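For reference, the structure is listed below as structure tokens.
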Amino acid sequence: MTNGRQTQRVRKQDYHRILLTEVCPYETPVIFDNFGFYKQVQKLEERSEDIQRLLVPLIRDEKELKFSIPYIYNIRKDLDSPRTLSLIHPRSQLHFVEFFKKFGDQILLCCKKSKFSLRAPQKLTSKYYIKNPQENIKKYRSDTTVSAQHELNDRHLTTYFAYGENTRLHKFFESFDYIKLEKQYSQFCSLDISKCFDSIYTHSIAWALKTKEYTKRHIGIDGVFGDLFDQVMRCSNYNETAGIPIGPEVSRIFAEVIFQEVDERIEKRLQVSGLKIDIDYSMRRYVDDFFIFTNSDLISNQVMQAVEAECKAYKLNINEAKSLKAERPFITSKTKSLRSVQRRLIKLRESLFLGENYSSPRELPNQKTLVLHFIDDVKAACSADSDAYQLVSAYVVGWLSNRIISATDENINRTTGIEDCLTGFAHFFNFSIRTIFHFYSINPSHKSSIKLCIAVKLACTFYEKHMLAEIDSIKTTIYQLCKEFFSSSGYLGILSKNTNVSLLEAMNVLVLCKELGPQYLLPKEALHGIAKLDSIEPLNYFELITLLYYIGSEPFYAEVREKIMASIRQHLSRIEDARINSHKFHLLMDVLTCPYINRDFRSAIATQLYESVTGAKPGKVKIKALMDFFDANIWFVNWHSFDLLTVLEKKELLSGY
């Protein structure tokens with residue numbers, strides 16, 4: 001243990017671990033995961049000849065790289081706009097595995113040029129840390145769900161490359177570096193690239209690596225690296241040269257290599273103008289956000305013009321609407337609201353617990369009053385800026401979830417003195433969960449849904465261990481709050497505004513409801529929005545797997561099941577393009593392994609797929625072997641033994657940037 005964290009070693013030679021960390025967006029339904037695919041790749045050579053004959057052409061390119069089409073989906077970015085993400089085809093994911101295996105050192109070398117970057121890869125990950133609360137989630141699992149230890153380690157790797165301290169943007173604004181810059185400079189500007197990943201011209205990576213000066217200094221970097229990175233990225237995105245997939249870590253690394261050259265060119269241009277770095281100006285860049293610190297409008301304008309000119313040279317344009325200028329102190333109304341709420345949370349903690357630790361919860365005879373007063377205080381803190389309420393809501397969800405993690409971690413295995421505290425713990429869990437649901441309903445987001453799931457799952461686990469007689473009481477409360485969420489203005493607002501948005505926030509609440517048990521079935525109406533029962537459009541892959549997982553074999557949701565099966569038939573009416581189409585490949589593998597779908601239906605799909613790939617019809621013996629394989633294996637959804645806490649732990653470690 002070091003500094004309250006446990007260290008785990010990484011098996012560096014396991015290049016396939018990239019499949020677990022670099023190639024999928026963070027924002028996916030909680031039941032989706034690349035672990036099954038990772039295991040399939042590892043075991044591919046051990047499979048029977050017929051299984052290999054089916055799988056190898058689907059996920060490997062023999063000689064030259066061939067393109068694929070990513071599964072494009074939208075999620076809710078904020079109140080008014082969606083964010084488009086890409087789930088790359090597994091065949092293209094394996095292209096990145098081979099590329100990183102061959103060129104990992106060159107990527108690192110290319111990312112040493114910039115003096116401005118806050119999030120550049122610095123070295124290959126040799127170990128990773130798990131904060132105590134997340135690490136100790138392991139001790140909440142029942143013995144029957146614990147996997148082999150090495151498999152747990154495989155699941156919980158952080159990114160392939162190690163980064164500096166600023167893995168999230170907020171860490172920079174809370175750092176001593178930022179305080180030092182505010183002390184040194186009186187003016188602050190921020191610039192943002194308009195639709196950055198959509199605008200990146202893939203060939204520009206070769207431009208960034210073929211400058212004469214750079215090639216002379218780094219003989220080991222040649223055109224092969226840049227051209228191949230360009231090709232691998234294009235192949236993952238329908239051979240498009242305009243734009244790269246949004247979401248995967250590999251795309252941020254691709255962009256970083258380009259921006260490293262842009263940074264160096266900005267610095268040189270300003271040097272020619274007579275401006276000295278860290279004297280006349282300082283700059284920081286986080287992915288595509290530039291932060292400029294100066295002492296005069298004249299210098300600010302010079303730096304901004306240099307940034308704009310060098311970005312334009314790479315076909316990247318500044319988003320004027322998001323440009324911001326401020327004078328010291330560098331604080332916005334949103335930040336003021338957040339600081340006010342943070343001070344209120346310190347008082348809240350004193351209301352919830354005695355002392356510095358979490359072993360002595362206070363009894364709360366007026367729980368409802370405390371909830372109402374706290375909500376009113378948060379509203380008052382945001383009165384000067386209504387948009388701040390959205391930001392602060394997510395912060396409160398995270399803060400309360402972390403208090404539940406700490407309290408559960410500290411007390412789950414207590415054997416002495418806990419009986420006297422159980423009323424206090426019951427009040428604490430009830431207050432926290434009710435308040436989390438309130439603020440989650442105001443601003444549902446994927447990250448907050450993960451925090452919500454962790455809070456609820458750990459609360460139930462605590463009750464199972466110490467207050468088993470009261471478990472139905474807390475589950476009933478959670479069930480009622482889930483029902484209320486599906487009729488909340490936040491959720492209904494998402495439904496009405498964004499018909500083409502994947503409702504990850506609602507999907508994860510469904511998965512949470514499943515954890516409560518079969519006696520807590522949601523009313524059919526709660527599923528109508530996600531199931532799009534009023535629309536003729538078929539459900540997409542994420543909607544299908546989440547709804548299938550939730551309804552299982554339950555006959556109560558017959559109407560939803562009809563929509564699911566109709567959508568699957570529509571998507572899989574032609575499957576000869578599964579080798580190219582990411583949506584189709586992911587759906588195929590999870591349909592073929594799903595125990596909630598009729599085996600005859602799945603067998604017909606497997607027969608069709610085998611014939612499409614091999615050109616030969618499988619006989620009865622072969623099709624039985626194929627179905628036995630699919631029944632016994634997982635790909636992207638673990639239908640048989642899904643462990644929510646394991647998945648939540650992984651999500652926490654790989655939280656988005």
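Ordering of the structure tokens sets the chain letters (A, B, ...); residue numbers start at 1 within each chain; ligands are numbered from 1 in the order shown.
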
Self-check item: Shell of 8 Å around stretch 585-591 of chain A, only C-alpha atoms, local chain residues under 2 positions omitted, as a list in words
Solution: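 In the requested format, the answer is His89, Tyr541, Ile545, Leu572, Ala578, Arg579, Ile580, Asn581, Ser582, His583, Thr593, Cys594, Ile597, Arg602, Ile634, Trp635, Phe636 and Val637 of chain A.
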
Practice problem: Write out as a ChimeraX atom specification each polymer residue whose atoms come within 8 Å of A:Ser401, counting only C-alpha atoms; drop sequence neighbours fewer than 6 positions from it. | Solution: /A:432,436,451-452,454-455

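Put simply, atom CA of A:Glu576 is 25.5 Å away from atom CA of A:Thr241.
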
Report as a Markdown table: every residue of stretch 425-460 of chain A with an atom at most 10 Å from stretch 507-523 of chain A, its closest pair of atoms, and their distance in Å to one decimal, counting only C-alpha atoms, with rows sorted by chain and ascending residue number.
| residue | atom | partner | partner_atom | distance |
| --- | --- | --- | --- | --- |
| A:His446 | CA | A:Asn508 | CA | 8.2 |
| A:Ser449 | CA | A:Asn508 | CA | 6.4 |
| A:Ile450 | CA | A:Asn508 | CA | 7.6 |
| A:Leu452 | CA | A:Val509 | CA | 8.3 |
| A:Cys453 | CA | A:Leu512 | CA | 6.2 |
| A:Ile454 | CA | A:Leu512 | CA | 9.4 |
| A:Val456 | CA | A:Leu512 | CA | 8.0 |
| A:Lys457 | CA | A:Leu512 | CA | 7.9 |
| A:Cys460 | CA | A:Leu516 | CA | 8.7 |

If you count only C-alpha atoms, which residues fall within 8 Å of stretch 418-428 of chain A, apart from same-chain ones fewer than 2 positions away, as a PDB file with N, CA, C and O atoms, in the first residue's frame?
ATOM      1  N   LEU A 352     -24.172  14.769   9.147  1.00  0.00           N
ATOM      2  CA  LEU A 352     -24.338  13.327   8.916  1.00  0.00           C
ATOM      3  C   LEU A 352     -23.470  12.454   9.823  1.00  0.00           C
ATOM      4  O   LEU A 352     -23.869  11.346  10.181  1.00  0.00           O
ATOM      5  N   SER A 360     -19.370   6.875  12.976  1.00  0.00           N
ATOM      6  CA  SER A 360     -20.405   7.335  13.911  1.00  0.00           C
ATOM      7  C   SER A 360     -21.430   8.217  13.204  1.00  0.00           C
ATOM      8  O   SER A 360     -21.384   9.452  13.291  1.00  0.00           O
ATOM      9  N   PRO A 361     -22.375   7.618  12.497  1.00  0.00           N
ATOM     10  CA  PRO A 361     -23.400   8.422  11.826  1.00  0.00           C
ATOM     11  C   PRO A 361     -24.380   9.008  12.844  1.00  0.00           C
ATOM     12  O   PRO A 361     -24.714   8.364  13.839  1.00  0.00           O
ATOM     13  N   ARG A 362     -24.812  10.217  12.586  1.00  0.00           N
ATOM     14  CA  ARG A 362     -25.802  10.840  13.468  1.00  0.00           C
ATOM     15  C   ARG A 362     -27.201  10.341  13.097  1.00  0.00           C
ATOM     16  O   ARG A 362     -27.489  10.098  11.928  1.00  0.00           O
ATOM     17  N   GLU A 363     -28.055  10.201  14.101  1.00  0.00           N
ATOM     18  CA  GLU A 363     -29.452   9.902  13.806  1.00  0.00           C
ATOM     19  C   GLU A 363     -30.125  11.180  13.316  1.00  0.00           C
ATOM     20  O   GLU A 363     -29.843  12.273  13.812  1.00  0.00           O
ATOM     21  N   LEU A 364     -30.982  11.046  12.316  1.00  0.00           N
ATOM     22  CA  LEU A 364     -31.610  12.209  11.673  1.00  0.00           C
ATOM     23  C   LEU A 364     -33.123  12.121  11.834  1.00  0.00           C
ATOM     24  O   LEU A 364     -33.824  11.623  10.954  1.00  0.00           O
ATOM     25  N   GLN A 367     -35.324  13.820   8.773  1.00  0.00           N
ATOM     26  CA  GLN A 367     -34.656  13.571   7.485  1.00  0.00           C
ATOM     27  C   GLN A 367     -35.232  14.419   6.356  1.00  0.00           C
ATOM     28  O   GLN A 367     -34.499  15.034   5.587  1.00  0.00           O
ATOM     29  N   ASN A 411     -17.118   0.454   7.296  1.00  0.00           N
ATOM     30  CA  ASN A 411     -17.976  -0.233   8.271  1.00  0.00           C
ATOM     31  C   ASN A 411     -18.526  -1.582   7.833  1.00  0.00           C
ATOM     32  O   ASN A 411     -19.152  -2.264   8.632  1.00  0.00           O
ATOM     33  N   ARG A 414     -17.252  -4.335  10.064  1.00  0.00           N
ATOM     34  CA  ARG A 414     -17.200  -4.063  11.513  1.00  0.00           C
ATOM     35  C   ARG A 414     -17.950  -5.129  12.295  1.00  0.00           C
ATOM     36  O   ARG A 414     -19.030  -5.565  11.906  1.00  0.00           O
ATOM     37  N   THR A 415     -17.355  -5.511  13.402  1.00  0.00           N
ATOM     38  CA  THR A 415     -18.027  -6.508  14.251  1.00  0.00           C
ATOM     39  C   THR A 415     -18.343  -5.951  15.636  1.00  0.00           C
ATOM     40  O   THR A 415     -19.155  -6.515  16.352  1.00  0.00           O
ATOM     41  N   THR A 416     -17.683  -4.839  16.008  1.00  0.00           N
ATOM     42  CA  THR A 416     -17.913  -4.293  17.350  1.00  0.00           C
ATOM     43  C   THR A 416     -18.558  -2.907  17.258  1.00  0.00           C
ATOM     44  O   THR A 416     -18.155  -2.076  16.452  1.00  0.00           O
ATOM     45  N   ASN A 430     -30.644   6.475   3.601  1.00  0.00           N
ATOM     46  CA  ASN A 430     -31.916   6.975   3.070  1.00  0.00           C
ATOM     47  C   ASN A 430     -31.791   8.415   2.607  1.00  0.00           C
ATOM     48  O   ASN A 430     -32.239   8.761   1.503  1.00  0.00           O
ATOM     49  N   PHE A 431     -31.204   9.263   3.456  1.00  0.00           N
ATOM     50  CA  PHE A 431     -31.019  10.668   3.091  1.00  0.00           C
ATOM     51  C   PHE A 431     -30.185  10.786   1.816  1.00  0.00           C
ATOM     52  O   PHE A 431     -30.550  11.515   0.881  1.00  0.00           O
ATOM     53  N   SER A 432     -29.057  10.084   1.777  1.00  0.00           N
ATOM     54  CA  SER A 432     -28.118  10.215   0.655  1.00  0.00           C
ATOM     55  C   SER A 432     -28.748   9.757  -0.647  1.00  0.00           C
ATOM     56  O   SER A 432     -28.631  10.428  -1.686  1.00  0.00           O
ATOM     57  N   HIS A 466     -25.670  -6.008   7.470  1.00  0.00           N
ATOM     58  CA  HIS A 466     -25.921  -5.561   8.845  1.00  0.00           C
ATOM     59  C   HIS A 466     -27.391  -5.331   9.193  1.00  0.00           C
ATOM     60  O   HIS A 466     -27.732  -5.280  10.376  1.00  0.00           O
ATOM     61  N   MET A 467     -28.256  -5.149   8.196  1.00  0.00           N
ATOM     62  CA  MET A 467     -29.676  -4.855   8.492  1.00  0.00           C
ATOM     63  C   MET A 467     -30.577  -5.652   7.555  1.00  0.00           C
ATOM     64  O   MET A 467     -31.416  -5.086   6.846  1.00  0.00           O
TER      65      MET A 467
END

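Excluding A:Phe172 itself and any same-chain residue fewer than 5 positions from it, the protein and nucleic acid residues within 10 Å of it, counting only C-alpha atoms, are Leu118, Glu165, Asn166, Thr167, Asp177, Tyr178, Ile179, Arg284 and Tyr286 of chain A.
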
Dump C-alpha atoms for the selected residues as an mmCIF file, in the first residue's frame?
data_model
loop_
_atom_site.group_PDB
_atom_site.id
_atom_site.type_symbol
_atom_site.label_atom_id
_atom_site.label_comp_id
_atom_site.auth_asym_id
_atom_site.auth_seq_id
_atom_site.Cartn_x
_atom_site.Cartn_y
_atom_site.Cartn_z
ATOM 1 C CA LEU A 118 -1.558 18.946 -20.073
ATOM 2 C CA GLU A 165 -1.502 14.675 -13.078
ATOM 3 C CA ASN A 166 -4.112 16.373 -15.276
ATOM 4 C CA THR A 167 -6.050 13.318 -16.413
ATOM 5 C CA ASP A 177 0.205 25.356 -11.414
ATOM 6 C CA TYR A 178 -3.039 27.255 -12.081
ATOM 7 C CA ILE A 179 -2.681 29.278 -8.864
ATOM 8 C CA ARG A 284 -1.648 25.254 -21.427
ATOM 9 C CA TYR A 286 -5.931 20.133 -22.713
#

Which residues of stretch 259-376 of chain A come within 12 Å of stretch 180-187 of chain A, and for each one, what is the closest pair of atoms and their distance in Å to one decimal, counting only C-alpha atoms, sorted by chain and residue number, as CSV?
residue,atom,partner,partner_atom,distance
A:Asp278,CA,A:Gln184,CA,9.3
A:Ile279,CA,A:Gln184,CA,8.9
A:Asp280,CA,A:Tyr185,CA,9.0
A:Tyr281,CA,A:Tyr185,CA,8.0
A:Ser282,CA,A:Leu181,CA,7.8
A:Met283,CA,A:Leu181,CA,9.4
A:Arg284,CA,A:Leu181,CA,10.2
A:Phe291,CA,A:Gln187,CA,10.6
A:Ile292,CA,A:Gln187,CA,8.1
A:Phe293,CA,A:Gln187,CA,5.7
A:Thr294,CA,A:Gln187,CA,5.2
A:Asn295,CA,A:Ser186,CA,5.1
A:Ser296,CA,A:Gln187,CA,6.8
A:Asp297,CA,A:Gln187,CA,7.9
A:Leu298,CA,A:Gln187,CA,10.9
A:Ile299,CA,A:Gln187,CA,9.9
A:Ser300,CA,A:Gln187,CA,7.9
A:Asn301,CA,A:Gln187,CA,11.2
A:Leu324,CA,A:Gln187,CA,10.8
A:Lys325,CA,A:Gln187,CA,7.5
A:Ala326,CA,A:Gln187,CA,6.0
A:Glu327,CA,A:Gln187,CA,4.6
A:Arg328,CA,A:Ser186,CA,5.1
A:Pro329,CA,A:Glu182,CA,7.4
A:Phe330,CA,A:Glu182,CA,7.2
A:Ile331,CA,A:Glu182,CA,10.4

Practice problem: Using only C-alpha atoms, pick whichever of A:Glu49, A:Asp600, A:Asp227, A:Asp33 has the shortest atom-to-atom distance to A:Asp643. | Solution: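 Between A:Glu49, A:Asp600, A:Asp227, A:Asp33, the residue approaching A:Asp643 most closely is A:Asp33.
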
Exercise. Go through A:Asp61, A:Glu27, A:Glu46, A:Asp105 one by one, measure the shortest atom-to-atom distance of each to A:Leu85 using only C-alpha atoms, and give the residue with the smallest value.
Key: A:Glu27

Quiz item: Interatomic distance between atom CA of A:Glu611 and atom CA of A:Tyr38?
Solution: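 So the two atoms, atom CA of A:Glu611 and atom CA of A:Tyr38, lie 25.2 Å apart.
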
Exercise. Could you please write out, as an NGL selection string, every residue of stretch 367-471 of chain A that DSSP assigns to alpha helix (DSSP H)?
Key: :A and (367-381 or 388-411 or 422-442 or 446-466 or 471)

Practice problem: Just the residues within 8 Å of A:Glu267, please, counting only C-alpha atoms, with nothing from its chain fewer than 4 positions along; format it as a ChimeraX atom specification. | Solution: /A:263,271,277

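Backbone DSSP over stretch 259-395 of chain A gives strand (DSSP E or B) for Ile277, Tyr281, Ser282, Met283, Arg284, Arg285, Tyr286, Asp289, Phe290, Phe291, Ile292, Phe293, Thr294, Ile318, Leu324, Lys325, Ala326, Glu327, Phe353 and Pro361 of chain A.
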
Residues from the last selection, C-alpha atoms, saved as a PDB file, in the first residue's frame:
ATOM      1  CA  ILE A 277       7.431  31.762 -23.158  1.00  0.00           C
ATOM      2  CA  TYR A 281       2.935  34.664 -21.831  1.00  0.00           C
ATOM      3  CA  SER A 282       2.195  31.121 -20.686  1.00  0.00           C
ATOM      4  CA  MET A 283      -0.094  28.611 -22.319  1.00  0.00           C
ATOM      5  CA  ARG A 284      -1.648  25.254 -21.427  1.00  0.00           C
ATOM      6  CA  ARG A 285      -3.570  22.927 -23.744  1.00  0.00           C
ATOM      7  CA  TYR A 286      -5.931  20.133 -22.713  1.00  0.00           C
ATOM      8  CA  ASP A 289      -8.749  23.513 -25.374  1.00  0.00           C
ATOM      9  CA  PHE A 290      -6.114  26.263 -25.255  1.00  0.00           C
ATOM     10  CA  PHE A 291      -5.637  28.369 -22.095  1.00  0.00           C
ATOM     11  CA  ILE A 292      -3.592  31.556 -22.508  1.00  0.00           C
ATOM     12  CA  PHE A 293      -2.157  33.677 -19.671  1.00  0.00           C
ATOM     13  CA  THR A 294      -0.764  37.200 -20.335  1.00  0.00           C
ATOM     14  CA  ILE A 318     -11.489  28.198 -33.478  1.00  0.00           C
ATOM     15  CA  LEU A 324     -13.549  33.455 -23.265  1.00  0.00           C
ATOM     16  CA  LYS A 325     -11.563  36.388 -21.841  1.00  0.00           C
ATOM     17  CA  ALA A 326     -11.255  37.182 -18.146  1.00  0.00           C
ATOM     18  CA  GLU A 327      -9.224  39.383 -15.834  1.00  0.00           C
ATOM     19  CA  PHE A 353     -21.327  12.111  10.946  1.00  0.00           C
ATOM     20  CA  PRO A 361     -23.400   8.422  11.826  1.00  0.00           C
TER      21      PRO A 361
END

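With only C-alpha atoms as the basis for measurement, A:Leu338 is the residue among A:Leu547, A:Cys311, A:Ile18, A:Leu338 that approaches A:Ala394 most closely.
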